[in-house]
$ cat work-v4.cif   # mmCIF, C-alpha atoms and all ligand atoms
data_upload
loop_
_atom_site.group_PDB
_atom_site.id
_atom_site.type_symbol
_atom_site.label_atom_id
_atom_site.label_comp_id
_atom_site.auth_asym_id
_atom_site.auth_seq_id
_atom_site.Cartn_x
_atom_site.Cartn_y
_atom_site.Cartn_z
ATOM 1 C CA MET E 115 130.524 125.008 89.751
ATOM 2 C CA THR E 116 128.466 123.488 92.545
ATOM 3 C CA ALA E 117 124.717 123.963 92.327
ATOM 4 C CA ARG E 118 122.684 125.921 94.823
ATOM 5 C CA LEU E 119 120.670 123.411 96.900
ATOM 6 C CA LEU E 120 116.894 123.882 97.033
ATOM 7 C CA PRO E 121 115.651 122.170 100.207
ATOM 8 C CA GLY E 122 111.883 121.737 100.436
ATOM 9 C CA ALA E 123 111.527 122.402 104.163
ATOM 10 C CA PRO E 124 111.807 126.235 104.121
ATOM 11 C CA ALA E 125 109.456 126.521 101.132
ATOM 12 C CA ALA E 126 106.985 124.066 102.720
ATOM 13 C CA ALA E 127 107.120 126.048 105.985
ATOM 14 C CA ALA E 128 106.263 129.252 104.084
ATOM 15 C CA LEU E 129 103.344 127.532 102.362
ATOM 16 C CA LEU E 130 102.113 126.026 105.662
ATOM 17 C CA ALA E 131 102.237 129.443 107.377
ATOM 18 C CA ASP E 132 99.950 130.750 104.632
ATOM 19 C CA VAL E 133 97.688 127.677 105.021
ATOM 20 C CA ALA E 134 97.350 128.276 108.764
ATOM 21 C CA ALA E 135 96.572 131.989 108.274
ATOM 22 C CA ARG E 136 93.916 131.269 105.630
ATOM 23 C CA ALA E 137 92.407 128.432 107.679
ATOM 24 C CA ALA E 138 92.066 130.774 110.673
ATOM 25 C CA ARG E 139 89.997 133.214 108.577
ATOM 26 C CA LEU E 140 87.374 130.563 107.742
ATOM 27 C CA PRO E 141 84.244 130.131 109.907
ATOM 28 C CA ALA E 142 85.316 126.552 110.794
ATOM 29 C CA PRO E 143 88.605 124.658 110.370
ATOM 30 C CA PRO E 144 88.777 122.980 106.937
ATOM 31 C CA ARG E 145 88.178 119.236 107.104
ATOM 32 C CA LEU E 146 90.192 116.733 105.056
ATOM 33 C CA VAL E 147 89.004 113.122 104.807
ATOM 34 C CA MET E 148 91.439 110.483 103.546
ATOM 35 C CA VAL E 149 90.581 106.937 102.529
ATOM 36 C CA ARG E 150 92.988 104.082 102.089
ATOM 37 C CA LEU E 151 92.438 100.403 101.332
ATOM 38 C CA GLY E 152 94.713 97.647 102.638
ATOM 39 C CA ASP E 153 98.043 97.868 104.409
ATOM 40 C CA ASP E 154 100.613 98.783 101.765
ATOM 41 C CA PRO E 155 103.401 100.140 104.006
ATOM 42 C CA ALA E 156 104.150 103.159 101.774
ATOM 43 C CA SER E 157 100.455 104.146 101.683
ATOM 44 C CA VAL E 158 100.085 103.710 105.455
ATOM 45 C CA SER E 159 103.122 105.912 106.013
ATOM 46 C CA TYR E 160 102.073 108.626 103.479
ATOM 47 C CA VAL E 161 98.541 108.885 104.886
ATOM 48 C CA ARG E 162 99.857 109.035 108.462
ATOM 49 C CA GLY E 163 102.196 111.884 107.488
ATOM 50 C CA LYS E 164 99.396 113.813 105.748
ATOM 51 C CA ASP E 165 97.082 113.321 108.751
ATOM 52 C CA ARG E 166 99.719 114.485 111.233
ATOM 53 C CA GLN E 167 100.646 117.589 109.236
ATOM 54 C CA ALA E 168 97.006 118.499 108.597
ATOM 55 C CA ARG E 169 96.367 118.605 112.344
ATOM 56 C CA ALA E 170 99.581 120.544 112.960
ATOM 57 C CA ALA E 171 98.420 123.190 110.457
ATOM 58 C CA GLY E 172 95.081 123.660 112.254
ATOM 59 C CA LEU E 173 92.969 121.549 109.896
ATOM 60 C CA GLU E 174 90.651 118.713 110.886
ATOM 61 C CA SER E 175 91.589 115.345 109.474
ATOM 62 C CA THR E 176 89.859 111.969 109.389
ATOM 63 C CA VAL E 177 91.316 108.734 108.000
ATOM 64 C CA HIS E 178 89.136 105.823 106.857
ATOM 65 C CA ALA E 179 91.463 102.790 106.885
ATOM 66 C CA LEU E 180 89.413 100.132 105.089
ATOM 67 C CA PRO E 181 90.186 96.442 104.497
ATOM 68 C CA GLU E 182 91.901 95.427 101.259
ATOM 69 C CA ALA E 183 88.751 93.434 100.396
ATOM 70 C CA THR E 184 86.478 96.509 100.423
ATOM 71 C CA THR E 185 84.367 96.372 97.257
ATOM 72 C CA GLN E 186 84.212 99.144 94.693
ATOM 73 C CA ALA E 187 80.502 99.611 95.508
ATOM 74 C CA GLU E 188 81.296 100.068 99.202
ATOM 75 C CA LEU E 189 84.009 102.613 98.413
ATOM 76 C CA LEU E 190 81.739 104.514 96.016
ATOM 77 C CA ALA E 191 78.996 104.601 98.688
ATOM 78 C CA LEU E 192 81.471 106.076 101.190
ATOM 79 C CA ILE E 193 82.541 108.715 98.644
ATOM 80 C CA ALA E 194 78.908 109.601 97.893
ATOM 81 C CA GLY E 195 78.344 110.203 101.606
ATOM 82 C CA LEU E 196 81.454 112.392 101.866
ATOM 83 C CA ASN E 197 80.407 114.354 98.749
ATOM 84 C CA ALA E 198 77.025 115.050 100.354
ATOM 85 C CA ASP E 199 78.410 116.035 103.776
ATOM 86 C CA PRO E 200 78.851 119.832 103.964
ATOM 87 C CA ALA E 201 81.288 119.424 106.891
ATOM 88 C CA VAL E 202 83.779 117.678 104.548
ATOM 89 C CA ASN E 203 85.852 120.070 102.428
ATOM 90 C CA GLY E 204 88.465 117.765 100.906
ATOM 91 C CA ILE E 205 88.479 114.073 99.925
ATOM 92 C CA LEU E 206 91.608 112.056 99.102
ATOM 93 C CA VAL E 207 91.621 108.367 98.164
ATOM 94 C CA GLN E 208 95.184 107.103 98.487
ATOM 95 C CA LEU E 209 96.563 105.397 95.375
ATOM 96 C CA PRO E 210 97.340 102.751 94.271
ATOM 97 C CA LEU E 211 94.067 100.920 94.830
ATOM 98 C CA PRO E 212 93.736 97.113 94.899
ATOM 99 C CA ALA E 213 93.277 95.547 91.445
ATOM 100 C CA HIS E 214 89.550 94.808 91.980
ATOM 101 C CA VAL E 215 88.745 98.525 92.340
ATOM 102 C CA SER E 216 88.749 100.795 89.276
ATOM 103 C CA GLU E 217 90.892 103.851 89.936
ATOM 104 C CA GLN E 218 89.043 105.709 87.211
ATOM 105 C CA ALA E 219 85.611 104.952 88.700
ATOM 106 C CA VAL E 220 86.772 106.143 92.115
ATOM 107 C CA LEU E 221 88.491 109.332 90.940
ATOM 108 C CA HIS E 222 85.484 110.234 88.765
ATOM 109 C CA ALA E 223 83.138 109.771 91.746
ATOM 110 C CA ILE E 224 84.765 112.456 93.917
ATOM 111 C CA ASP E 225 83.026 115.850 93.787
ATOM 112 C CA PRO E 226 85.467 118.021 91.756
ATOM 113 C CA ARG E 227 85.050 120.822 94.321
ATOM 114 C CA LYS E 228 86.365 118.452 97.036
ATOM 115 C CA ASP E 229 89.030 116.818 94.836
ATOM 116 C CA VAL E 230 92.128 118.009 96.732
ATOM 117 C CA ASP E 231 94.343 115.693 94.616
ATOM 118 C CA GLY E 232 93.242 117.510 91.439
ATOM 119 C CA PHE E 233 92.810 114.157 89.660
ATOM 120 C CA HIS E 234 89.120 114.481 88.624
ATOM 121 C CA PRO E 235 88.742 114.979 84.837
ATOM 122 C CA VAL E 236 86.982 118.304 85.430
ATOM 123 C CA ASN E 237 90.033 119.612 87.308
ATOM 124 C CA VAL E 238 92.431 118.072 84.756
ATOM 125 C CA GLY E 239 90.486 119.837 81.981
ATOM 126 C CA GLU E 240 90.466 123.172 83.818
ATOM 127 C CA LEU E 241 94.237 122.911 84.316
ATOM 128 C CA TRP E 242 94.851 122.359 80.601
ATOM 129 C CA ALA E 243 92.425 125.157 79.751
ATOM 130 C CA GLY E 244 94.467 127.451 82.007
ATOM 131 C CA ARG E 245 91.525 128.173 84.316
ATOM 132 C CA PRO E 246 91.537 128.166 88.137
ATOM 133 C CA ALA E 247 90.899 124.788 89.761
ATOM 134 C CA LEU E 248 92.326 122.414 92.359
ATOM 135 C CA ARG E 249 95.798 121.427 91.114
ATOM 136 C CA PRO E 250 97.672 118.130 91.662
ATOM 137 C CA CYS E 251 99.794 118.511 94.789
ATOM 138 C CA THR E 252 103.312 117.562 93.680
ATOM 139 C CA PRO E 253 103.312 119.728 90.519
ATOM 140 C CA ALA E 254 101.720 122.716 92.307
ATOM 141 C CA GLY E 255 104.218 122.281 95.151
ATOM 142 C CA ILE E 256 107.089 122.371 92.637
ATOM 143 C CA LEU E 257 105.842 125.700 91.242
ATOM 144 C CA PHE E 258 105.638 127.068 94.795
ATOM 145 C CA LEU E 259 109.199 125.908 95.470
ATOM 146 C CA LEU E 260 110.518 127.585 92.300
ATOM 147 C CA ASP E 261 108.761 130.839 93.242
ATOM 148 C CA HIS E 262 110.001 130.609 96.834
ATOM 149 C CA TYR E 263 113.605 130.481 95.637
ATOM 150 C CA GLY E 264 113.040 133.215 93.045
ATOM 151 C CA LEU E 265 113.802 130.919 90.107
ATOM 152 C CA PRO E 266 112.325 132.049 86.790
ATOM 153 C CA VAL E 267 109.650 130.096 84.896
ATOM 154 C CA VAL E 268 108.322 132.552 82.284
ATOM 155 C CA GLY E 269 110.110 132.056 78.974
ATOM 156 C CA GLN E 270 112.281 129.227 80.271
ATOM 157 C CA ARG E 271 112.844 126.125 78.185
ATOM 158 C CA ALA E 272 111.365 123.505 80.512
ATOM 159 C CA VAL E 273 111.774 119.781 79.947
ATOM 160 C CA VAL E 274 109.622 117.386 81.971
ATOM 161 C CA VAL E 275 110.846 113.787 81.908
ATOM 162 C CA GLY E 276 107.915 111.491 82.764
ATOM 163 C CA ARG E 277 104.247 111.599 81.737
ATOM 164 C CA SER E 278 102.392 110.205 84.757
ATOM 165 C CA HIS E 279 98.952 111.532 85.626
ATOM 166 C CA ILE E 280 100.168 112.410 89.129
ATOM 167 C CA VAL E 281 103.286 114.418 88.231
ATOM 168 C CA GLY E 282 104.586 114.654 84.641
ATOM 169 C CA ARG E 283 101.438 115.623 82.730
ATOM 170 C CA PRO E 284 100.017 118.141 85.213
ATOM 171 C CA LEU E 285 103.474 119.649 85.815
ATOM 172 C CA ALA E 286 103.806 120.247 82.061
ATOM 173 C CA GLY E 287 100.402 121.977 82.098
ATOM 174 C CA LEU E 288 101.278 124.208 85.054
ATOM 175 C CA LEU E 289 104.605 125.231 83.464
ATOM 176 C CA LEU E 290 102.790 126.015 80.204
ATOM 177 C CA ASN E 291 100.248 128.122 82.119
ATOM 178 C CA ARG E 292 103.205 130.047 83.530
ATOM 179 C CA ASP E 293 104.549 130.769 80.023
ATOM 180 C CA ALA E 294 107.443 128.285 79.970
ATOM 181 C CA THR E 295 108.257 126.587 76.649
ATOM 182 C CA VAL E 296 107.536 122.991 77.589
ATOM 183 C CA THR E 297 108.739 119.660 76.210
ATOM 184 C CA VAL E 298 107.538 116.360 77.705
ATOM 185 C CA ALA E 299 109.975 113.467 77.313
ATOM 186 C CA HIS E 300 109.384 109.855 78.337
ATOM 187 C CA SER E 301 110.561 106.260 78.017
ATOM 188 C CA ARG E 302 110.016 106.235 74.228
ATOM 189 C CA THR E 303 111.896 109.493 73.573
ATOM 190 C CA PRO E 304 114.912 108.787 71.329
ATOM 191 C CA ASP E 305 118.186 110.448 72.428
ATOM 192 C CA LEU E 306 116.820 111.658 75.741
ATOM 193 C CA ALA E 307 120.119 113.415 76.512
ATOM 194 C CA ALA E 308 119.766 115.689 73.459
ATOM 195 C CA VAL E 309 116.352 116.790 74.775
ATOM 196 C CA THR E 310 117.338 117.252 78.426
ATOM 197 C CA ARG E 311 120.446 119.260 77.441
ATOM 198 C CA GLU E 312 118.111 121.911 75.983
ATOM 199 C CA ALA E 313 116.484 122.542 79.369
ATOM 200 C CA ASP E 314 116.924 125.666 81.472
ATOM 201 C CA LEU E 315 114.498 123.972 83.869
ATOM 202 C CA LEU E 316 114.726 120.173 83.979
ATOM 203 C CA CYS E 317 112.065 118.275 85.987
ATOM 204 C CA VAL E 318 112.444 114.526 86.327
ATOM 205 C CA ALA E 319 109.646 112.238 87.544
ATOM 206 C CA VAL E 320 110.306 108.757 86.231
ATOM 207 C CA GLY E 321 111.203 106.501 89.144
ATOM 208 C CA GLN E 322 114.592 105.340 87.803
ATOM 209 C CA PRO E 323 117.547 105.887 90.114
ATOM 210 C CA HIS E 324 120.156 108.235 88.607
ATOM 211 C CA LEU E 325 118.620 108.235 85.111
ATOM 212 C CA ILE E 326 119.908 111.796 84.609
ATOM 213 C CA THR E 327 123.702 112.041 84.534
ATOM 214 C CA PRO E 328 125.889 115.183 84.357
ATOM 215 C CA GLY E 329 126.348 114.915 80.579
ATOM 216 C CA MET E 330 122.564 115.255 80.120
ATOM 217 C CA VAL E 331 122.308 118.668 81.834
ATOM 218 C CA LYS E 332 122.972 122.180 80.493
ATOM 219 C CA ALA E 333 125.475 124.154 82.616
ATOM 220 C CA GLY E 334 123.596 126.349 85.085
ATOM 221 C CA ALA E 335 120.191 124.640 84.634
ATOM 222 C CA THR E 336 117.685 124.330 87.466
ATOM 223 C CA VAL E 337 117.036 120.630 88.173
ATOM 224 C CA ILE E 338 113.940 119.389 90.011
ATOM 225 C CA ASP E 339 114.249 115.746 91.074
ATOM 226 C CA VAL E 340 110.859 114.180 91.872
ATOM 227 C CA GLY E 341 112.203 110.609 92.113
ATOM 228 C CA ILE E 342 112.146 108.803 95.438
ATOM 229 C CA ASN E 343 113.751 105.416 94.844
ATOM 230 C CA ARG E 344 114.601 102.960 97.601
ATOM 231 C CA VAL E 345 117.895 101.272 96.731
ATOM 232 C CA PRO E 346 119.408 98.394 98.691
ATOM 233 C CA GLY E 347 122.547 99.127 100.694
ATOM 234 C CA GLN E 348 125.863 97.820 99.382
ATOM 235 C CA ASP E 349 127.804 95.114 101.251
ATOM 236 C CA GLY E 350 124.961 94.608 103.736
ATOM 237 C CA GLY E 351 124.587 98.352 104.397
ATOM 238 C CA LYS E 352 121.241 100.031 104.997
ATOM 239 C CA ALA E 353 118.794 100.697 102.165
ATOM 240 C CA HIS E 354 118.523 104.379 101.326
ATOM 241 C CA LEU E 355 116.467 106.789 99.222
ATOM 242 C CA THR E 356 117.859 108.269 96.059
ATOM 243 C CA GLY E 357 116.490 110.405 93.255
ATOM 244 C CA ASP E 358 116.136 110.096 89.480
ATOM 245 C CA VAL E 359 119.111 112.459 89.161
ATOM 246 C CA ASP E 360 122.710 111.413 89.760
ATOM 247 C CA PRO E 361 124.061 113.576 92.631
ATOM 248 C CA ALA E 362 127.085 114.376 90.413
ATOM 249 C CA VAL E 363 124.693 116.598 88.383
ATOM 250 C CA ALA E 364 125.212 119.174 91.173
ATOM 251 C CA GLU E 365 128.618 119.889 89.592
ATOM 252 C CA VAL E 366 126.891 121.074 86.379
ATOM 253 C CA ALA E 367 123.493 122.460 87.436
ATOM 254 C CA GLY E 368 122.881 125.974 88.729
ATOM 255 C CA ALA E 369 120.325 124.814 91.306
ATOM 256 C CA ILE E 370 119.050 121.364 92.338
ATOM 257 C CA THR E 371 116.551 119.809 94.765
ATOM 258 C CA PRO E 372 117.988 117.190 97.149
ATOM 259 C CA VAL E 373 116.476 113.704 97.612
ATOM 260 C CA PRO E 374 115.160 113.181 100.198
ATOM 261 C CA GLY E 375 114.121 116.601 101.475
ATOM 262 C CA GLY E 376 113.480 118.442 98.217
ATOM 263 C CA VAL E 377 110.127 118.068 96.459
ATOM 264 C CA GLY E 378 108.786 115.591 99.062
ATOM 265 C CA PRO E 379 107.827 118.126 101.762
ATOM 266 C CA MET E 380 106.074 120.300 99.154
ATOM 267 C CA THR E 381 103.492 117.637 98.264
ATOM 268 C CA ILE E 382 101.899 117.455 101.724
ATOM 269 C CA ALA E 383 102.022 121.227 102.231
ATOM 270 C CA GLN E 384 100.258 121.701 98.890
ATOM 271 C CA LEU E 385 97.611 119.109 99.818
ATOM 272 C CA LEU E 386 96.769 121.185 102.879
ATOM 273 C CA ALA E 387 96.772 124.366 100.771
ATOM 274 C CA ASN E 388 94.334 122.664 98.383
ATOM 275 C CA THR E 389 92.106 121.700 101.319
ATOM 276 C CA VAL E 390 91.945 125.343 102.429
ATOM 277 C CA THR E 391 91.288 126.447 98.822
ATOM 278 C CA ALA E 392 88.441 123.906 98.596
ATOM 279 C CA ALA E 393 86.948 125.178 101.865
ATOM 280 C CA GLU E 394 87.223 128.791 100.668
ATOM 281 C CA MET E 395 85.494 127.929 97.373
ATOM 282 C CA GLN E 396 82.717 126.062 99.173
ATOM 283 C CA ALA E 397 82.252 128.953 101.628
ATOM 284 C CA GLY E 398 81.707 131.507 99.020
HETATM 285 N N1 LIG I 401 99.865 107.919 95.843
HETATM 286 C C1 LIG I 401 101.083 108.438 95.521
HETATM 287 N N2 LIG I 401 100.985 109.774 95.353
HETATM 288 C C2 LIG I 401 99.691 110.101 95.561
HETATM 289 C C3 LIG I 401 98.975 111.333 95.527
HETATM 290 O O1 LIG I 401 99.505 112.417 95.247
HETATM 291 N N3 LIG I 401 97.648 111.254 95.812
HETATM 292 C C4 LIG I 401 97.035 110.079 96.107
HETATM 293 N N4 LIG I 401 95.717 110.099 96.348
HETATM 294 N N5 LIG I 401 97.669 108.917 96.130
HETATM 295 C C5 LIG I 401 98.990 108.942 95.865
#

$ encode --input "work-v4.cif" --output "structure tokens"
Amino acid sequence: MTARLLPGAPAAAALLADVAARAARLPAPPRLVMVRLGDDPASVSYVRGKDRQARAAGLESTVHALPEATTQAELLALIAGLNADPAVNGILVQLPLPAHVSEQAVLHAIDPRKDVDGFHPVNVGELWAGRPALRPCTPAGILFLLDHYGLPVVGQRAVVVGRSHIVGRPLAGLLLNRDATVTVAHSRTPDLAAVTREADLLCVAVGQPHLITPGMVKAGATVIDVGINRVPGQDGGKAHLTGDVDPAVAEVAGAITPVPGGVGPMTIAQLLANTVTAAEMQAG
């Protein structure tokens, strides 16, 4: 069997069409403000992509590109100003932050109603309580992708490999809210393969190239690969991106997201959806 491929682009396009329609119904275009410190190439590239797509979807977007040496007090003062500005609907501080700035202090300082990353403890708590709130973008985008392709969640045995605050933990919460039976596995899980083989829905967000091999997957399972690993080319060839799931898993799985081009496009589309949701909540 060869798995059905689940590309992110069509699902992201459907989500973005909904974003544009909802944005057009608001009295003013939703405004997203992003902040990044320093010149980490991945962060520069991610924020540029988010900014470009926000504008393309009819949102307003502003980027504050601050020096690496910006102090925590300066960053907190900027956030306080953005919290107080009614023209700002969504605030995103790109992670990781330099070591001299406390990520926790920064994430706690963002007004939860403008927290389009869904990382503020109020939004984390609401997620785990099963109440409406702004949801972390990658996990919420994965749920949208599953729904877009008509893949079931209710009653499924879901295994999430990885327990990060950005993906693994919130994804487990969202799947639980949708009535999946959820197991969270991680680097200290003994006999990982025995756990992953139980999964009807296997989501992997670890950051280890090809951690999941065909023998670790139940026949017909849906596999969501969140990994984006840059691996050097062989024999002087070009570096390329690869997932946490061995591509040979496609011979066993029922459906699988490609890397690149699977979950990746969903994250930005969901960020823009969250920005519209934030603007709608603030409007009424
Ligand atoms: N860095 C990597 N992923 C993310 C994300 O989803 N949000 C923010 N703010 N920073 C990130």

$ closest_atom_pairs --input "work-v4.cif" --of "segment 264-382 of chain E" --to "segment 248-256 of chain E" --cutoff "6 Å" --atoms "all atoms listed in the file" --output "Markdown table"
| residue | atom | partner | partner_atom | distance |
| --- | --- | --- | --- | --- |
| E:Val281 | CA | E:Pro253 | CA | 5.8 |
| E:Leu285 | CA | E:Pro253 | CA | 4.7 |
| E:Met380 | CA | E:Gly255 | CA | 4.8 |
| E:Thr381 | CA | E:Thr252 | CA | 4.6 |

$ residues_around --input "work-v4.cif" --residues "segment 300-315 of chain E" --least-positions-apart "5" --cutoff "7 Å" --atoms "only C-alpha atoms" --output "MDAnalysis selection string"
chainID E and resid 270:273 275:277 330:332 335:337

$ closest_residue --input "work-v4.cif" --among "E:Ala362, E:Val298, E:Ala213, E:Ala125" --to "Val274 of chain E" --atoms "all atoms listed in the file"
E:Val298

$ resolve_selection --input "work-v4.cif" --expression "the PyMOL selection byres (((chain E and resi 136) around 12) and not hetatm)" --output "PyMOL selection string"
chain E and resi 129-135+137-144+171-173+386-394

$ closest_atom_pairs --input "work-v4.cif" --of "chain E" --to "ligand LIG 401 (chain I)" --cutoff "6 Å" --atoms "all atoms listed in the file" --output "Markdown table"
| residue | atom | partner | partner_atom | distance |
| --- | --- | --- | --- | --- |
| E:Leu206 | CA | I:LIG401 | N4 | 5.3 |
| E:Val207 | CA | I:LIG401 | N4 | 4.8 |
| E:Gln208 | CA | I:LIG401 | N4 | 3.7 |
| E:Leu209 | CA | I:LIG401 | N5 | 3.8 |
| E:Pro210 | CA | I:LIG401 | N1 | 6.0 |
| E:Asp231 | CA | I:LIG401 | N3 | 5.7 |

$ residues_around --input "work-v4.cif" --residues "Val177 of chain E" --least-positions-apart "6" --cutoff "8 Å" --atoms "only C-alpha atoms" --output "list in words"
Val147, Met148, Val149, Arg150, Val161 and Asp165 of chain E

$ residues_near_point --input "work-v4.cif" --point "(128.4, 113.2, 90.3)" --cutoff "7 Å" --atoms "only C-alpha atoms" --output "list in words"
Pro328, Asp360, Pro361, Ala362, Val363, Ala364 and Glu365 of chain E

$ atom_distance --input "work-v4.cif" --atom1 "atom CA of Ala156 of chain E" --atom2 "atom CA of Val359 of chain E"
21.7 Å

$ atom_distance --input "work-v4.cif" --atom1 "atom CA of Pro121 of chain E" --atom2 "atom CA of Cys317 of chain E"
15.2 Å

$ atom_distance --input "work-v4.cif" --atom1 "atom CA of Ser216 of chain E" --atom2 "atom CA of Ala183 of chain E"
13.3 Å

$ residues_around --input "work-v4.cif" --residues "Ile224 of chain E" --least-positions-apart "3" --cutoff "10 Å" --atoms "all atoms listed in the file" --output "list in words"
Leu190, Ile193, Ala194, Leu196, Asn197, Gly204, Ile205, Leu206, Val207, Ala219, Val220, Leu221, Arg227, Lys228, Asp229, Val230, Phe233 and His234 of chain E

$ build_atoms --input "work-v4.cif" --residues "segment 134-152 of chain E" --atoms "N, CA and C atoms" --output "PDB file, in the coordinates of the input"
ATOM      1  N   ALA E 134      97.875 128.069 107.410  1.00  0.00           N
ATOM      2  CA  ALA E 134      97.350 128.276 108.764  1.00  0.00           C
ATOM      3  C   ALA E 134      96.627 129.621 108.851  1.00  0.00           C
ATOM      4  N   ALA E 135      97.201 130.664 108.228  1.00  0.00           N
ATOM      5  CA  ALA E 135      96.572 131.989 108.274  1.00  0.00           C
ATOM      6  C   ALA E 135      95.229 131.982 107.544  1.00  0.00           C
ATOM      7  N   ARG E 136      95.180 131.324 106.387  1.00  0.00           N
ATOM      8  CA  ARG E 136      93.916 131.269 105.630  1.00  0.00           C
ATOM      9  C   ARG E 136      92.890 130.413 106.349  1.00  0.00           C
ATOM     10  N   ALA E 137      93.335 129.314 106.952  1.00  0.00           N
ATOM     11  CA  ALA E 137      92.407 128.432 107.679  1.00  0.00           C
ATOM     12  C   ALA E 137      91.765 129.191 108.843  1.00  0.00           C
ATOM     13  N   ALA E 138      92.571 130.041 109.503  1.00  0.00           N
ATOM     14  CA  ALA E 138      92.066 130.774 110.673  1.00  0.00           C
ATOM     15  C   ALA E 138      91.002 131.794 110.278  1.00  0.00           C
ATOM     16  N   ARG E 139      90.991 132.220 109.015  1.00  0.00           N
ATOM     17  CA  ARG E 139      89.997 133.214 108.577  1.00  0.00           C
ATOM     18  C   ARG E 139      88.661 132.578 108.212  1.00  0.00           C
ATOM     19  N   LEU E 140      88.616 131.246 108.122  1.00  0.00           N
ATOM     20  CA  LEU E 140      87.374 130.563 107.742  1.00  0.00           C
ATOM     21  C   LEU E 140      86.472 130.394 108.971  1.00  0.00           C
ATOM     22  N   PRO E 141      85.162 130.263 108.772  1.00  0.00           N
ATOM     23  CA  PRO E 141      84.244 130.131 109.907  1.00  0.00           C
ATOM     24  C   PRO E 141      84.496 128.862 110.731  1.00  0.00           C
ATOM     25  N   ALA E 142      84.986 127.799 110.077  1.00  0.00           N
ATOM     26  CA  ALA E 142      85.316 126.552 110.794  1.00  0.00           C
ATOM     27  C   ALA E 142      86.590 125.985 110.179  1.00  0.00           C
ATOM     28  N   PRO E 143      87.381 125.230 110.953  1.00  0.00           N
ATOM     29  CA  PRO E 143      88.605 124.658 110.370  1.00  0.00           C
ATOM     30  C   PRO E 143      88.264 123.753 109.179  1.00  0.00           C
ATOM     31  N   PRO E 144      89.007 123.860 108.084  1.00  0.00           N
ATOM     32  CA  PRO E 144      88.777 122.980 106.937  1.00  0.00           C
ATOM     33  C   PRO E 144      88.951 121.512 107.327  1.00  0.00           C
ATOM     34  N   ARG E 145      88.117 120.662 106.758  1.00  0.00           N
ATOM     35  CA  ARG E 145      88.178 119.236 107.104  1.00  0.00           C
ATOM     36  C   ARG E 145      88.608 118.415 105.886  1.00  0.00           C
ATOM     37  N   LEU E 146      89.672 117.650 106.082  1.00  0.00           N
ATOM     38  CA  LEU E 146      90.192 116.733 105.056  1.00  0.00           C
ATOM     39  C   LEU E 146      89.840 115.310 105.464  1.00  0.00           C
ATOM     40  N   VAL E 147      89.281 114.538 104.538  1.00  0.00           N
ATOM     41  CA  VAL E 147      89.004 113.122 104.807  1.00  0.00           C
ATOM     42  C   VAL E 147      89.816 112.280 103.832  1.00  0.00           C
ATOM     43  N   MET E 148      90.618 111.362 104.386  1.00  0.00           N
ATOM     44  CA  MET E 148      91.439 110.483 103.546  1.00  0.00           C
ATOM     45  C   MET E 148      90.949 109.043 103.676  1.00  0.00           C
ATOM     46  N   VAL E 149      91.030 108.321 102.566  1.00  0.00           N
ATOM     47  CA  VAL E 149      90.581 106.937 102.529  1.00  0.00           C
ATOM     48  C   VAL E 149      91.728 106.104 101.987  1.00  0.00           C
ATOM     49  N   ARG E 150      92.031 105.018 102.685  1.00  0.00           N
ATOM     50  CA  ARG E 150      92.988 104.082 102.089  1.00  0.00           C
ATOM     51  C   ARG E 150      92.484 102.658 102.261  1.00  0.00           C
ATOM     52  N   LEU E 151      92.849 101.808 101.307  1.00  0.00           N
ATOM     53  CA  LEU E 151      92.438 100.403 101.332  1.00  0.00           C
ATOM     54  C   LEU E 151      93.680  99.540 101.524  1.00  0.00           C
ATOM     55  N   GLY E 152      93.608  98.586 102.467  1.00  0.00           N
ATOM     56  CA  GLY E 152      94.713  97.647 102.638  1.00  0.00           C
ATOM     57  C   GLY E 152      95.840  98.249 103.455  1.00  0.00           C
TER      58      GLY E 152
END
